[in-house]
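Colleague: Would you mind keeping the following structure in view while I ask a few things?
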Amino acid sequence: MTDVHEHELHAYVDGSLPEARRLEVEAWLAAHPDDAARVQDWAAQNQSLHAAFDSVLNEPLPLNLVRATRRPALPMPFKAVAATLAMLVTGLIGYAVGLNAPELAPAPQQAYLARDAAIAHAVFSPETRHPVEVDAAHAEHLVAWLSKRVGTQLQAPDFSVQGFDLLGGRLLTGETGPVAQFMYQDKIERRVTLYVRRAVAGNTATRFHHATENGVDVFYWIDGDFGYALSGQIGRQAIQQLADAAYRQLVTASATP
Amino acid sequence: MRTRPDLIEHLPRLRRYARALTGDVTRADDLVQDTLERALAKLDLWQPGSDLRAWLFTLMHNLFVNQIRVRRPQETVMEDALDEPVSGGQMEALDARDIHAALAKLPEEQREVLLLVGLEQFGYAEAVQVLGVPTGTVMSRLSRARERMRAMLAGEPTIKLKLVI
């Protein structure tokens, strides 16, 4: 076995070694307890950093920062600006409670569902270490926990036929209260997310809608009091097949006593 | 006309990084706001198809470095903090307070590398791009940061710590 360099120990911790070399480093660590202790501590540091700061990802976004992402190129009349802001605000992931927009009709709310789901997908699906709060190994606990928080009996659809396995889920905040996000991954690590939240009162059941938000395909529908949105960047047809499967499973489940 | 990319989806991660970097909610969000303003002003310079996230973090890095330059007198006080005694017996689970305190004591350039790699999950090549320094520099800063954190979090004295009787 060739000697292991310091930078390879870091690369081992950061998961950036080729598989063959990773195994060699592992063997090296088994024989070199001092290096093993360092590597273990470094990995613990990464974990501690996530434990300390990941909650920031799910904080309500400050309005001034949202505004700063969208400064209009040309001055707009005040009313138009205000309307744009109202739309942005109600449409934001994590922009928690307290901001109602009763003047907005239900139809745009459905579009917000797609937009919020797409943003939540874009934020969490690239995370490699903590894409989910609770992993699929604790699927029962995950579903029970999210069901309790969201306020309905949820079900994580099974996409194994389509080649996607449940990775886990997380709880988010949204304009209508808590939101559940389930994440799935296929063999080549492409990810899709299912976003479930209470729908705005007055919505009736809808068929599928499709939207593309910044390159993320979203299929969404309302069933009873809840809105569902499936997001991914795996091609429109593939995501539609998953959405069909989810719809079949979830609606069948809710129809069964 | 080319479509402008949406910066909103990058907001949560920019805020996470800024929070860990500055250790202060207000200062962090100010840094994010400055970054977004600069990004909107320079968006035409961004190459579509290249990594928008890395580009935004690069802008934030440059702003942060400028802030440090301006704040230099205060930062020397931070360096003095290294002389503060570190309590021993912290071998048990590290809580968030320990991490915050330890991060604050890292030199900024080490803190940046540690957070880009350890928290934001940038690859080494991306960290090189964001920080504008050679790979060797990134690796040595990462190494020093991790060893220093390790010493602080384990309660081992690194540099001339005063003895607590």
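Going by the structure tokens order, chains are called A, B, ..., each with residues numbered from 1, while ligands are numbered from 1 in the order shown.
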Would you pick out the contacts of Val113 (chain B) at 10 Å or less, using only C-alpha atoms, so that residues sharing its chain but fewer than 3 positions from it are not included, and give the list as a list in words?

Modeller: Glu108, Glu109, Gln110, Leu116, Val117, Gly118, Leu119, Glu120, Phe122, Tyr124, Ala127, Val128, Val130, Leu131, Thr137, Val138, Met139, Ser140, Arg141, Leu142, Ser143, Ala145 and Arg146 of chain B

Colleague: Hey, can you spit out that residue selection with C-alpha atoms as a PDB file, in the first residue's frame?

Modeller:
ATOM      1  CA  GLU B 108     -11.044  34.270   8.394  1.00  0.00           C
ATOM      2  CA  GLU B 109      -9.236  32.612   5.508  1.00  0.00           C
ATOM      3  CA  GLN B 110      -9.265  29.284   7.340  1.00  0.00           C
ATOM      4  CA  LEU B 116     -17.104  26.059   1.995  1.00  0.00           C
ATOM      5  CA  VAL B 117     -15.927  22.462   2.161  1.00  0.00           C
ATOM      6  CA  GLY B 118     -17.377  21.220   5.442  1.00  0.00           C
ATOM      7  CA  LEU B 119     -20.733  22.983   5.462  1.00  0.00           C
ATOM      8  CA  GLU B 120     -21.494  24.077   1.916  1.00  0.00           C
ATOM      9  CA  PHE B 122     -18.065  22.624  -2.330  1.00  0.00           C
ATOM     10  CA  TYR B 124     -11.836  21.536  -3.639  1.00  0.00           C
ATOM     11  CA  ALA B 127     -13.343  26.297  -3.396  1.00  0.00           C
ATOM     12  CA  VAL B 128     -10.281  27.258  -5.463  1.00  0.00           C
ATOM     13  CA  VAL B 130     -14.531  30.874  -5.098  1.00  0.00           C
ATOM     14  CA  LEU B 131     -11.489  31.959  -3.116  1.00  0.00           C
ATOM     15  CA  THR B 137      -3.368  27.000  -0.450  1.00  0.00           C
ATOM     16  CA  VAL B 138      -6.921  25.707  -0.110  1.00  0.00           C
ATOM     17  CA  MET B 139      -5.649  22.363   1.147  1.00  0.00           C
ATOM     18  CA  SER B 140      -3.216  23.827   3.646  1.00  0.00           C
ATOM     19  CA  ARG B 141      -5.840  26.228   4.989  1.00  0.00           C
ATOM     20  CA  LEU B 142      -8.316  23.375   5.289  1.00  0.00           C
ATOM     21  CA  SER B 143      -5.750  21.293   7.101  1.00  0.00           C
ATOM     22  CA  ALA B 145      -8.481  24.948  10.116  1.00  0.00           C
ATOM     23  CA  ARG B 146      -9.426  21.378  10.944  1.00  0.00           C
TER      24      ARG B 146
END

Colleague: Please list as a list in words every residue within 9 Å of region 126-138 of chain A, counting only C-alpha atoms and excluding residues in the same chain fewer than 2 positions away.

Modeller: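 Non-adjacent residues within range: Gln47, His50, Asp54, His121, Ala122, Val123, Phe124, Glu140, His141, Leu142, Val143, Asp165, Leu166, Leu167, Gly168, Gly169, Arg170, Leu171, Gln181, Phe182, Met183 and Arg191 of chain A; Glu120 and Gln121 of chain B.
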
Colleague: Determine, using only C-alpha atoms, which residues of chain B have any atom at most 8 Å from an atom of chain A, and tabulate each with its shortest atom pair and distance in Å to one decimal place, rows ordered by chain and then rising number, as a tab-separated table.

Modeller:
residue	atom	partner	partner_atom	distance
B:Pro5	CA	A:Asn214	CA	7.5
B:Asp6	CA	A:Asn214	CA	7.0
B:Leu7	CA	A:Thr69	CA	5.6
B:Ile8	CA	A:Thr69	CA	6.1
B:Glu9	CA	A:Ile119	CA	5.6
B:His10	CA	A:Val123	CA	7.1
B:Leu11	CA	A:Leu61	CA	7.9
B:Pro12	CA	A:Leu57	CA	4.7
B:Arg13	CA	A:Leu57	CA	6.3
B:Arg15	CA	A:Val56	CA	6.9
B:Arg16	CA	A:Val56	CA	5.4
B:Arg19	CA	A:Phe53	CA	7.6
B:Ala20	CA	A:Phe53	CA	6.8
B:Asp29	CA	A:Leu65	CA	7.7
B:Val32	CA	A:Leu65	CA	7.5
B:Gln33	CA	A:Leu65	CA	5.8
B:Leu36	CA	A:Thr69	CA	6.0
B:Glu37	CA	A:Ala68	CA	6.3
B:Leu40	CA	A:Thr69	CA	7.3
B:Leu94	CA	A:Ser48	CA	7.0
B:Asp95	CA	A:Ser48	CA	7.5
B:Ala96	CA	A:Ala52	CA	5.0
B:Ile99	CA	A:Ser48	CA	7.0
B:His100	CA	A:Ala52	CA	8.0
B:Leu115	CA	A:Leu49	CA	7.9
B:Val117	CA	A:Asp14	CA	7.5
B:Gly118	CA	A:Asn46	CA	5.0
B:Leu119	CA	A:Leu49	CA	6.0
B:Gln121	CA	A:Thr128	CA	7.4
B:Gly123	CA	A:Ser16	CA	7.6
B:Met139	CA	A:His7	CA	6.6
B:Ser143	CA	A:His10	CA	7.6
B:Arg146	CA	A:Trp42	CA	6.2
B:Met149	CA	A:Gln45	CA	7.9
B:Arg150	CA	A:Asp41	CA	6.6

Colleague: Write the residues you've just listed into a file as a short mmCIF file (atom, residue, chain, number, x, y, z; two decimals), in the first residue's frame, and include N, CA and C atoms for each of them.

Modeller:
data_model
loop_
_atom_site.label_atom_id
_atom_site.label_comp_id
_atom_site.auth_asym_id
_atom_site.auth_seq_id
_atom_site.Cartn_x
_atom_site.Cartn_y
_atom_site.Cartn_z
N PRO B 5 -31.25 34.48 -14.59
CA PRO B 5 -31.46 33.37 -13.66
C PRO B 5 -32.12 33.87 -12.38
N ASP B 6 -32.83 32.98 -11.73
CA ASP B 6 -33.50 33.32 -10.48
C ASP B 6 -32.53 33.14 -9.32
N LEU B 7 -32.35 34.19 -8.56
CA LEU B 7 -31.40 34.11 -7.44
C LEU B 7 -32.05 33.58 -6.16
N ILE B 8 -33.39 33.55 -6.15
CA ILE B 8 -34.08 33.19 -4.90
C ILE B 8 -33.66 31.82 -4.38
N GLU B 9 -33.52 30.87 -5.29
CA GLU B 9 -33.24 29.52 -4.81
C GLU B 9 -31.86 29.43 -4.14
N HIS B 10 -31.01 30.40 -4.39
CA HIS B 10 -29.68 30.37 -3.77
C HIS B 10 -29.67 31.09 -2.42
N LEU B 11 -30.77 31.81 -2.14
CA LEU B 11 -30.81 32.59 -0.90
C LEU B 11 -30.57 31.76 0.37
N PRO B 12 -31.28 30.63 0.55
CA PRO B 12 -31.07 29.90 1.81
C PRO B 12 -29.62 29.49 2.04
N ARG B 13 -28.92 29.05 0.98
CA ARG B 13 -27.53 28.63 1.19
C ARG B 13 -26.59 29.80 1.40
N ARG B 15 -27.40 32.47 2.87
CA ARG B 15 -27.64 32.90 4.26
C ARG B 15 -26.96 31.95 5.24
N ARG B 16 -27.00 30.66 4.96
CA ARG B 16 -26.35 29.70 5.87
C ARG B 16 -24.85 29.98 5.95
N ARG B 19 -24.09 33.27 7.71
CA ARG B 19 -24.33 33.18 9.15
C ARG B 19 -23.14 32.52 9.84
N ALA B 20 -22.67 31.45 9.27
CA ALA B 20 -21.55 30.73 9.88
C ALA B 20 -20.27 31.55 9.78
N ASP B 29 -26.97 38.79 7.09
CA ASP B 29 -27.97 39.17 6.09
C ASP B 29 -27.56 40.43 5.33
N VAL B 32 -25.36 39.14 2.69
CA VAL B 32 -26.16 38.51 1.63
C VAL B 32 -26.78 39.59 0.74
N GLN B 33 -27.32 40.61 1.38
CA GLN B 33 -27.95 41.69 0.61
C GLN B 33 -26.93 42.36 -0.33
N LEU B 36 -26.28 40.08 -3.25
CA LEU B 36 -27.36 40.06 -4.24
C LEU B 36 -27.32 41.33 -5.09
N GLU B 37 -27.07 42.46 -4.44
CA GLU B 37 -27.03 43.71 -5.19
C GLU B 37 -25.90 43.68 -6.21
N LEU B 40 -26.87 41.31 -9.09
CA LEU B 40 -27.80 41.88 -10.07
C LEU B 40 -27.08 42.88 -10.97
N LEU B 94 -20.27 17.97 21.12
CA LEU B 94 -20.04 19.38 20.90
C LEU B 94 -21.38 20.03 20.68
N ASP B 95 -21.68 21.08 21.42
CA ASP B 95 -22.94 21.72 21.11
C ASP B 95 -22.68 22.91 20.20
N ALA B 96 -23.77 23.51 19.76
CA ALA B 96 -23.66 24.58 18.78
C ALA B 96 -22.82 25.74 19.32
N ILE B 99 -19.14 25.19 18.70
CA ILE B 99 -18.80 25.37 17.30
C ILE B 99 -18.74 26.85 16.95
N HIS B 100 -19.74 27.61 17.41
CA HIS B 100 -19.74 29.05 17.14
C HIS B 100 -18.48 29.71 17.67
N LEU B 115 -15.73 26.22 6.00
CA LEU B 115 -17.19 26.30 5.78
C LEU B 115 -17.57 25.95 4.35
N VAL B 117 -16.08 23.90 2.37
CA VAL B 117 -15.93 22.46 2.16
C VAL B 117 -16.79 21.66 3.14
N GLY B 118 -16.73 22.03 4.42
CA GLY B 118 -17.38 21.22 5.44
C GLY B 118 -18.87 21.45 5.59
N LEU B 119 -19.31 22.67 5.30
CA LEU B 119 -20.73 22.98 5.46
C LEU B 119 -21.43 23.10 4.11
N GLN B 121 -20.31 22.09 1.22
CA GLN B 121 -20.06 20.91 0.38
C GLN B 121 -19.52 21.26 -1.01
N GLY B 123 -16.64 21.24 -3.73
CA GLY B 123 -15.45 20.45 -3.99
C GLY B 123 -14.22 21.34 -3.87
N MET B 139 -5.86 23.57 0.35
CA MET B 139 -5.65 22.36 1.15
C MET B 139 -4.92 22.67 2.45
N SER B 143 -6.45 22.12 6.14
CA SER B 143 -5.75 21.29 7.10
C SER B 143 -5.53 22.04 8.42
N ARG B 146 -8.88 22.58 10.29
CA ARG B 146 -9.43 21.38 10.94
C ARG B 146 -8.61 21.00 12.17
N MET B 149 -9.49 23.61 14.88
CA MET B 149 -10.82 23.33 15.43
C MET B 149 -10.75 22.14 16.37
N ARG B 150 -9.99 21.16 15.93
CA ARG B 150 -9.87 19.92 16.70
C ARG B 150 -9.27 20.22 18.07
#

Colleague: Can you tell me, as an MDAnalysis selection string, what residues are no more than 10 Å from Gln129 (chain B) when counting only C-alpha atoms, ignoring any on the same chain fewer than 4 positions away?

Modeller: chainID B and resid 54:55 57:58 123:125 133:135

Colleague: Tell me, in Å to one decimal, how far CA of Leu114 (chain B) is from CA of Leu59 (chain B).

Modeller: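 We find that CA of Leu114 (chain B) and CA of Leu59 (chain B) lie 17.8 Å from each other.
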
Colleague: So, counting only C-alpha atoms, which residue among B:Ala154, B:Trp46, B:Arg97, B:Phe64 is closest to Arg111 (chain B)?

Modeller: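 The shortest atom-to-atom distance to Arg111 (chain B) comes from B:Phe64.
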
Colleague: Name the residues in contact with Gln233 (chain A) at a cut-off of 12 Å, using only C-alpha atoms, excluding same-chain residues fewer than 3 positions from it; report them as an MDAnalysis selection string.

Modeller: chainID A and resid 118 121:122 125:126 185 189:193 212:219 230 236:240

Colleague: Please, what distance in Å, to one decimal, runs between CA of Gly23 (chain B) and CA of Asp98 (chain B)?

Modeller: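 Straight-line distance from CA of Gly23 (chain B) to CA of Asp98 (chain B) works out to 12.2 Å.
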
Colleague: Go ahead and compute the interatomic distance for CA of Thr2 (chain A) and CA of Ala151 (chain B), in Å to one decimal.

Modeller: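 CA of Ala151 (chain B) lies at a distance of 28.5 Å from CA of Thr2 (chain A).
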
Colleague: As a count of residues only, please: the residues near Asp158 (chain A) (cut-off 10 Å, only C-alpha atoms, same-chain neighbours under 4 positions excluded).

Modeller: 11
